[in-house]
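Beneath this line is the structure, given in structure tokens, with notes to follow.
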Amino acid sequence: MSYDIAILTTDIESSDAAAWSELDALIKQQGEPLAVFRQLHDALVARYPDIGTLSDDMADDGGWSSGPLWSGFGLVAAVLSIRNSRVDEVVPFVVERARALDLSVFDWTTRHLHRSEGLAGLELTVEERFPHAAPTLQQVMDAMRSLTPDGGPGFLILERAGSGYVQAAGGRGVFALEWRQVDGATFKHWAAGLANQDTGTDIRIPTNGSYVTVKSNERMSLTDVEALITAFAKGEARPQAFAWRDITSRFG
């Protein structure tokens, strides 16, 4: 068994679902691979040599499960088979090199589509899904809109390594959001709310099989949450048009 990914040179649909639906047809296109594929291939085998070039005692340690690697490159799509024991090392490298060449990477196992315009330094985690490194803002928004208390996913976390994260939970147009800011070994953690509204009543925001208890002004709409997540994704400070309740002491 191997871990397979596909890499495309051509422009793809802006919708991930539409892009996935076209993948098989693009893989079947015949012809001489585009020059950018040779650049990618050479960068990959410079780090992880073709399986056929390895000595017998090194073959099991290679990055690829079949070869020669160039045989997987078609006109506009390449399909690469990665040795399962090396996935955690090889896949991030392939994605990095592909994105640097403005190529898109389709990962069948995680169902992630790595686009060249992804937001470097961010990682998106959605309940019961694989973490997605460097998602696009559109992918984050699509994940936000997929949240539902009716079977999930019920929450997501968008994290910037070393500086904090935002997390949102809920669905059906009703959400709660928290924002954490990290400063070295310390952090501050806030619950987001609407300004100039009642804060004295506790309410429940349904999630996937559970609920989050917040103040009444912390019942957020999809529009509210998207604005806050967008600000975080762009590296901006907490928007001061919202109310922020410091709940850092909960994590002491």
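Going by the structure tokens order, chains are called A, B, ..., each with residues numbered from 1, while ligands are numbered from 1 in the order shown.
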
Note to self: Which residues are close to Ala17 (chain A), i.e. within 12 Å by only C-alpha atoms, leaving aside same-chain residues fewer than 6 positions away? Reply as a PyMOL selection string.
What the structure shows: chain A and resi 23+106+111-113+139+142

I need the chosen residues saved as a PDB file, in the first residue's frame, with N, CA and C atoms.
ATOM      1  N   LEU A  23     -10.725  16.225 -11.303  1.00  0.00           N
ATOM      2  CA  LEU A  23      -9.384  15.671 -11.166  1.00  0.00           C
ATOM      3  C   LEU A  23      -9.159  14.451 -12.045  1.00  0.00           C
ATOM      4  N   PHE A 106      -3.465  17.631  -4.624  1.00  0.00           N
ATOM      5  CA  PHE A 106      -4.670  16.956  -4.162  1.00  0.00           C
ATOM      6  C   PHE A 106      -4.263  15.743  -3.342  1.00  0.00           C
ATOM      7  N   ARG A 111      -8.307  14.449   1.886  1.00  0.00           N
ATOM      8  CA  ARG A 111      -9.252  15.233   1.081  1.00  0.00           C
ATOM      9  C   ARG A 111      -8.908  16.719   1.120  1.00  0.00           C
ATOM     10  N   HIS A 112      -7.646  17.025   1.351  1.00  0.00           N
ATOM     11  CA  HIS A 112      -7.193  18.408   1.316  1.00  0.00           C
ATOM     12  C   HIS A 112      -6.731  18.765  -0.083  1.00  0.00           C
ATOM     13  N   LEU A 113      -7.033  19.989  -0.473  1.00  0.00           N
ATOM     14  CA  LEU A 113      -6.526  20.558  -1.711  1.00  0.00           C
ATOM     15  C   LEU A 113      -5.589  21.701  -1.334  1.00  0.00           C
ATOM     16  N   GLN A 139     -11.063  28.494   1.784  1.00  0.00           N
ATOM     17  CA  GLN A 139     -11.197  27.175   2.400  1.00  0.00           C
ATOM     18  C   GLN A 139     -11.585  27.299   3.870  1.00  0.00           C
ATOM     19  N   ASP A 142     -15.261  28.219   3.885  1.00  0.00           N
ATOM     20  CA  ASP A 142     -16.077  27.047   3.541  1.00  0.00           C
ATOM     21  C   ASP A 142     -16.185  26.107   4.740  1.00  0.00           C
TER      22      ASP A 142
END

Next item on the list: Could you please write out, as JSON, numbers by chain, every residue of region 38-198 of chain A that DSSP assigns to helix (DSSP H, G or I)?
Entry: {"A": [38, 39, 40, 41, 42, 43, 44, 45, 46, 47, 51, 52, 53, 59, 60, 61, 69, 70, 71, 72, 84, 85, 86, 87, 88, 89, 90, 91, 92, 93, 94, 95, 96, 97, 98, 99, 100, 137, 138, 139, 140, 141, 142, 143, 144, 145]}

Export C-alpha atoms of the chosen residues as a tab-separated table (two decimals), in the first residue's frame?
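Output below, filename result09.tsv:
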chain	number	residue	atom	x	y	z
A	38	ARG	CA	10.53	18.63	-14.83
A	39	GLN	CA	11.50	21.35	-12.34
A	40	LEU	CA	9.33	19.73	-9.68
A	41	HIS	CA	10.57	16.22	-10.44
A	42	ASP	CA	14.22	17.25	-10.21
A	43	ALA	CA	13.66	18.99	-6.89
A	44	LEU	CA	11.90	15.93	-5.48
A	45	VAL	CA	14.46	13.33	-6.52
A	46	ALA	CA	17.29	15.57	-5.31
A	47	ARG	CA	15.84	15.12	-1.81
A	51	ILE	CA	13.63	3.93	-5.79
A	52	GLY	CA	15.55	2.29	-8.63
A	53	THR	CA	18.71	4.23	-7.80
A	59	ALA	CA	15.36	0.55	-0.86
A	60	ASP	CA	12.99	0.20	2.09
A	61	ASP	CA	14.07	3.62	3.39
A	69	LEU	CA	9.13	8.87	-10.34
A	70	TRP	CA	8.93	10.52	-13.78
A	71	SER	CA	6.56	7.77	-14.96
A	72	GLY	CA	3.82	9.33	-12.82
A	84	ASN	CA	3.60	5.02	4.05
A	85	SER	CA	6.44	5.08	6.55
A	86	ARG	CA	7.72	8.40	5.12
A	87	VAL	CA	4.41	10.24	4.61
A	88	ASP	CA	4.84	12.71	7.47
A	89	GLU	CA	8.17	13.81	6.04
A	90	VAL	CA	7.66	13.58	2.28
A	91	VAL	CA	4.16	15.03	1.83
A	92	PRO	CA	4.93	18.44	3.42
A	93	PHE	CA	8.06	18.70	1.27
A	94	VAL	CA	6.16	17.87	-1.91
A	95	VAL	CA	3.45	20.40	-1.06
A	96	GLU	CA	6.05	23.08	-0.31
A	97	ARG	CA	7.92	22.55	-3.58
A	98	ALA	CA	4.72	22.30	-5.63
A	99	ARG	CA	3.22	25.48	-4.18
A	100	ALA	CA	6.47	27.35	-4.84
A	137	LEU	CA	-9.13	32.10	3.22
A	138	GLN	CA	-11.87	30.65	1.03
A	139	GLN	CA	-11.20	27.18	2.40
A	140	VAL	CA	-11.42	28.53	5.94
A	141	MET	CA	-14.74	30.22	5.16
A	142	ASP	CA	-16.08	27.05	3.54
A	143	ALA	CA	-15.11	25.11	6.66
A	144	MET	CA	-16.85	27.72	8.82
A	145	ARG	CA	-20.04	27.36	6.81

Counting only C-alpha atoms, give me one row per residue of region 127-186 of chain A with an atom at most 12 Å from an atom of region 204-211 of chain A, showing the shortest contact pair and its distance in Å to one decimal, sorted by chain then residue number, as a tab-separated table.
residue	atom	partner	partner_atom	distance
A:Glu127	CA	A:Asn208	CA	9.1
A:Glu128	CA	A:Asn208	CA	10.8
A:Ser146	CA	A:Asn208	CA	11.8
A:Leu147	CA	A:Thr207	CA	8.4
A:Thr148	CA	A:Asn208	CA	6.7
A:Pro149	CA	A:Asn208	CA	4.2
A:Asp150	CA	A:Asn208	CA	6.3
A:Gly151	CA	A:Asn208	CA	5.6
A:Gly152	CA	A:Asn208	CA	4.9
A:Pro153	CA	A:Asn208	CA	6.4
A:Gly154	CA	A:Asn208	CA	4.5
A:Phe155	CA	A:Thr207	CA	7.3
A:Leu156	CA	A:Thr207	CA	11.0
A:Ala168	CA	A:Thr207	CA	10.0
A:Ala169	CA	A:Thr207	CA	6.2
A:Gly170	CA	A:Thr207	CA	4.6
A:Gly171	CA	A:Thr207	CA	6.9
A:Arg172	CA	A:Pro206	CA	9.1
A:Gly173	CA	A:Ile205	CA	10.4
A:Val174	CA	A:Ile205	CA	6.9
A:Phe175	CA	A:Ile205	CA	6.4
A:Ala176	CA	A:Ile205	CA	6.8
A:Leu177	CA	A:Ile205	CA	10.5

Save the residues we just selected, N, CA and C atoms, as a PDB file, in the first residue's frame?
ATOM      1  N   GLU A 127     -13.359  19.689  13.328  1.00  0.00           N
ATOM      2  CA  GLU A 127     -13.710  18.480  14.073  1.00  0.00           C
ATOM      3  C   GLU A 127     -13.784  17.263  13.153  1.00  0.00           C
ATOM      4  N   GLU A 128     -13.086  16.203  13.574  1.00  0.00           N
ATOM      5  CA  GLU A 128     -13.089  14.908  12.912  1.00  0.00           C
ATOM      6  C   GLU A 128     -12.498  14.953  11.505  1.00  0.00           C
ATOM      7  N   SER A 146     -19.534  24.985   7.033  1.00  0.00           N
ATOM      8  CA  SER A 146     -19.897  23.569   7.147  1.00  0.00           C
ATOM      9  C   SER A 146     -20.252  23.168   8.576  1.00  0.00           C
ATOM     10  N   LEU A 147     -19.998  24.042   9.553  1.00  0.00           N
ATOM     11  CA  LEU A 147     -20.281  23.686  10.941  1.00  0.00           C
ATOM     12  C   LEU A 147     -21.782  23.515  11.148  1.00  0.00           C
ATOM     13  N   THR A 148     -22.122  22.487  11.904  1.00  0.00           N
ATOM     14  CA  THR A 148     -23.527  22.219  12.187  1.00  0.00           C
ATOM     15  C   THR A 148     -23.642  21.391  13.462  1.00  0.00           C
ATOM     16  N   PRO A 149     -24.651  21.661  14.287  1.00  0.00           N
ATOM     17  CA  PRO A 149     -24.875  20.800  15.452  1.00  0.00           C
ATOM     18  C   PRO A 149     -25.544  19.487  15.067  1.00  0.00           C
ATOM     19  N   ASP A 150     -25.967  19.373  13.827  1.00  0.00           N
ATOM     20  CA  ASP A 150     -26.685  18.181  13.361  1.00  0.00           C
ATOM     21  C   ASP A 150     -25.717  17.147  12.808  1.00  0.00           C
ATOM     22  N   GLY A 151     -24.910  16.587  13.689  1.00  0.00           N
ATOM     23  CA  GLY A 151     -23.966  15.557  13.267  1.00  0.00           C
ATOM     24  C   GLY A 151     -22.570  16.055  12.979  1.00  0.00           C
ATOM     25  N   GLY A 152     -22.352  17.351  13.073  1.00  0.00           N
ATOM     26  CA  GLY A 152     -21.019  17.913  12.918  1.00  0.00           C
ATOM     27  C   GLY A 152     -20.576  18.054  11.466  1.00  0.00           C
ATOM     28  N   PRO A 153     -19.409  18.694  11.283  1.00  0.00           N
ATOM     29  CA  PRO A 153     -18.485  19.125  12.342  1.00  0.00           C
ATOM     30  C   PRO A 153     -19.056  20.271  13.175  1.00  0.00           C
ATOM     31  N   GLY A 154     -18.701  20.282  14.442  1.00  0.00           N
ATOM     32  CA  GLY A 154     -19.262  21.265  15.349  1.00  0.00           C
ATOM     33  C   GLY A 154     -18.329  22.395  15.724  1.00  0.00           C
ATOM     34  N   PHE A 155     -17.032  22.275  15.388  1.00  0.00           N
ATOM     35  CA  PHE A 155     -16.111  23.351  15.734  1.00  0.00           C
ATOM     36  C   PHE A 155     -14.938  23.359  14.767  1.00  0.00           C
ATOM     37  N   LEU A 156     -14.218  24.490  14.733  1.00  0.00           N
ATOM     38  CA  LEU A 156     -12.965  24.596  14.003  1.00  0.00           C
ATOM     39  C   LEU A 156     -12.003  25.468  14.778  1.00  0.00           C
ATOM     40  N   ALA A 168     -14.075  28.535  16.715  1.00  0.00           N
ATOM     41  CA  ALA A 168     -15.504  28.808  16.591  1.00  0.00           C
ATOM     42  C   ALA A 168     -16.263  27.502  16.699  1.00  0.00           C
ATOM     43  N   ALA A 169     -17.473  27.582  17.264  1.00  0.00           N
ATOM     44  CA  ALA A 169     -18.316  26.403  17.417  1.00  0.00           C
ATOM     45  C   ALA A 169     -19.762  26.807  17.199  1.00  0.00           C
ATOM     46  N   GLY A 170     -20.560  25.825  16.769  1.00  0.00           N
ATOM     47  CA  GLY A 170     -21.981  26.081  16.571  1.00  0.00           C
ATOM     48  C   GLY A 170     -22.451  25.614  15.218  1.00  0.00           C
ATOM     49  N   GLY A 171     -23.370  26.379  14.632  1.00  0.00           N
ATOM     50  CA  GLY A 171     -23.944  26.044  13.340  1.00  0.00           C
ATOM     51  C   GLY A 171     -25.361  26.575  13.225  1.00  0.00           C
ATOM     52  N   ARG A 172     -25.970  26.356  12.059  1.00  0.00           N
ATOM     53  CA  ARG A 172     -27.320  26.858  11.787  1.00  0.00           C
ATOM     54  C   ARG A 172     -27.417  28.362  12.032  1.00  0.00           C
ATOM     55  N   GLY A 173     -26.342  29.099  11.720  1.00  0.00           N
ATOM     56  CA  GLY A 173     -26.356  30.555  11.836  1.00  0.00           C
ATOM     57  C   GLY A 173     -26.085  31.114  13.214  1.00  0.00           C
ATOM     58  N   VAL A 174     -25.786  30.238  14.204  1.00  0.00           N
ATOM     59  CA  VAL A 174     -25.542  30.685  15.582  1.00  0.00           C
ATOM     60  C   VAL A 174     -24.204  30.102  16.048  1.00  0.00           C
ATOM     61  N   PHE A 175     -23.308  30.978  16.484  1.00  0.00           N
ATOM     62  CA  PHE A 175     -21.951  30.545  16.795  1.00  0.00           C
ATOM     63  C   PHE A 175     -21.414  31.234  18.053  1.00  0.00           C
ATOM     64  N   ALA A 176     -20.343  30.643  18.583  1.00  0.00           N
ATOM     65  CA  ALA A 176     -19.530  31.269  19.625  1.00  0.00           C
ATOM     66  C   ALA A 176     -18.099  31.272  19.116  1.00  0.00           C
ATOM     67  N   LEU A 177     -17.347  32.314  19.500  1.00  0.00           N
ATOM     68  CA  LEU A 177     -15.956  32.399  19.051  1.00  0.00           C
ATOM     69  C   LEU A 177     -15.064  32.858  20.190  1.00  0.00           C
TER      70      LEU A 177
END

Margin query: Under the rule that only C-alpha atoms are counted, which of A:Asp24, A:Leu54, A:Ser104, A:Ala78 is the nearest residue to Ile12 (chain A)?
Written below: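 Distance minimum relative to Ile12 (chain A) lands on A:Ser104.
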
Note to self: Taking only C-alpha atoms into account, name the residue in A:Ser66, A:Thr223, A:Thr110, A:Thr199 that is nearest to Phe130 (chain A).
What the structure shows: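 Smallest distance to Phe130 (chain A) is found for A:Thr110.
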
Check: Which of region 81-163 of chain A counts as strand (DSSP E or B) under DSSP, as a PyMOL selection string please?
Finding: chain A and resi 81-83+104-107+112-114+122-126+132-133+155-160

Using C-alpha atoms, can you write the selected residues to a file as a PDB file, in the first residue's frame?
ATOM      1  CA  SER A  81       3.051   7.202  -4.659  1.00  0.00           C
ATOM      2  CA  ILE A  82       4.720   7.806  -1.317  1.00  0.00           C
ATOM      3  CA  ARG A  83       5.960   5.137   1.057  1.00  0.00           C
ATOM      4  CA  SER A 104      -1.940  22.505  -6.763  1.00  0.00           C
ATOM      5  CA  VAL A 105      -1.734  19.316  -4.685  1.00  0.00           C
ATOM      6  CA  PHE A 106      -4.670  16.956  -4.162  1.00  0.00           C
ATOM      7  CA  ASP A 107      -4.372  14.595  -1.188  1.00  0.00           C
ATOM      8  CA  HIS A 112      -7.193  18.408   1.316  1.00  0.00           C
ATOM      9  CA  LEU A 113      -6.526  20.558  -1.711  1.00  0.00           C
ATOM     10  CA  HIS A 114      -3.304  22.515  -1.250  1.00  0.00           C
ATOM     11  CA  LEU A 122      -1.694  28.959   9.447  1.00  0.00           C
ATOM     12  CA  GLU A 123      -3.228  25.585  10.217  1.00  0.00           C
ATOM     13  CA  LEU A 124      -6.941  24.806  10.070  1.00  0.00           C
ATOM     14  CA  THR A 125      -8.390  22.024  12.212  1.00  0.00           C
ATOM     15  CA  VAL A 126     -12.027  21.014  11.790  1.00  0.00           C
ATOM     16  CA  HIS A 132      -4.935  21.441   6.947  1.00  0.00           C
ATOM     17  CA  ALA A 133      -1.697  23.418   6.703  1.00  0.00           C
ATOM     18  CA  PHE A 155     -16.111  23.351  15.734  1.00  0.00           C
ATOM     19  CA  LEU A 156     -12.965  24.596  14.003  1.00  0.00           C
ATOM     20  CA  ILE A 157      -9.651  26.083  15.092  1.00  0.00           C
ATOM     21  CA  LEU A 158      -7.475  28.381  12.990  1.00  0.00           C
ATOM     22  CA  GLU A 159      -3.999  28.590  14.488  1.00  0.00           C
ATOM     23  CA  ARG A 160      -0.904  30.626  13.743  1.00  0.00           C
TER      24      ARG A 160
END

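Ranking A:Gly74, A:Gly235, A:Pro49, A:Gly62 by their shortest atom-to-atom distance to Pro33 (chain A), with only C-alpha atoms included, puts A:Gly74 first.
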
Checklist line | Shell of 10 Å around Asp11 (chain A), only C-alpha atoms, local chain residues under 4 positions omitted, as a PyMOL selection string | finding: chain A and resi 19+76+102-104

Notebook entry, point to check: Between A:Trp190, A:Ala233, A:Leu228, A:Asn217, which has the minimum distance to Ala161 (chain A) (counting only C-alpha atoms)?
Noted result: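 Among A:Trp190, A:Ala233, A:Leu228, A:Asn217, it is A:Ala233 that comes nearest to Ala161 (chain A).
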
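Interatomic distance, CA of Lys215 (chain A) to CA of Gln197 (chain A): 10.0 Å.
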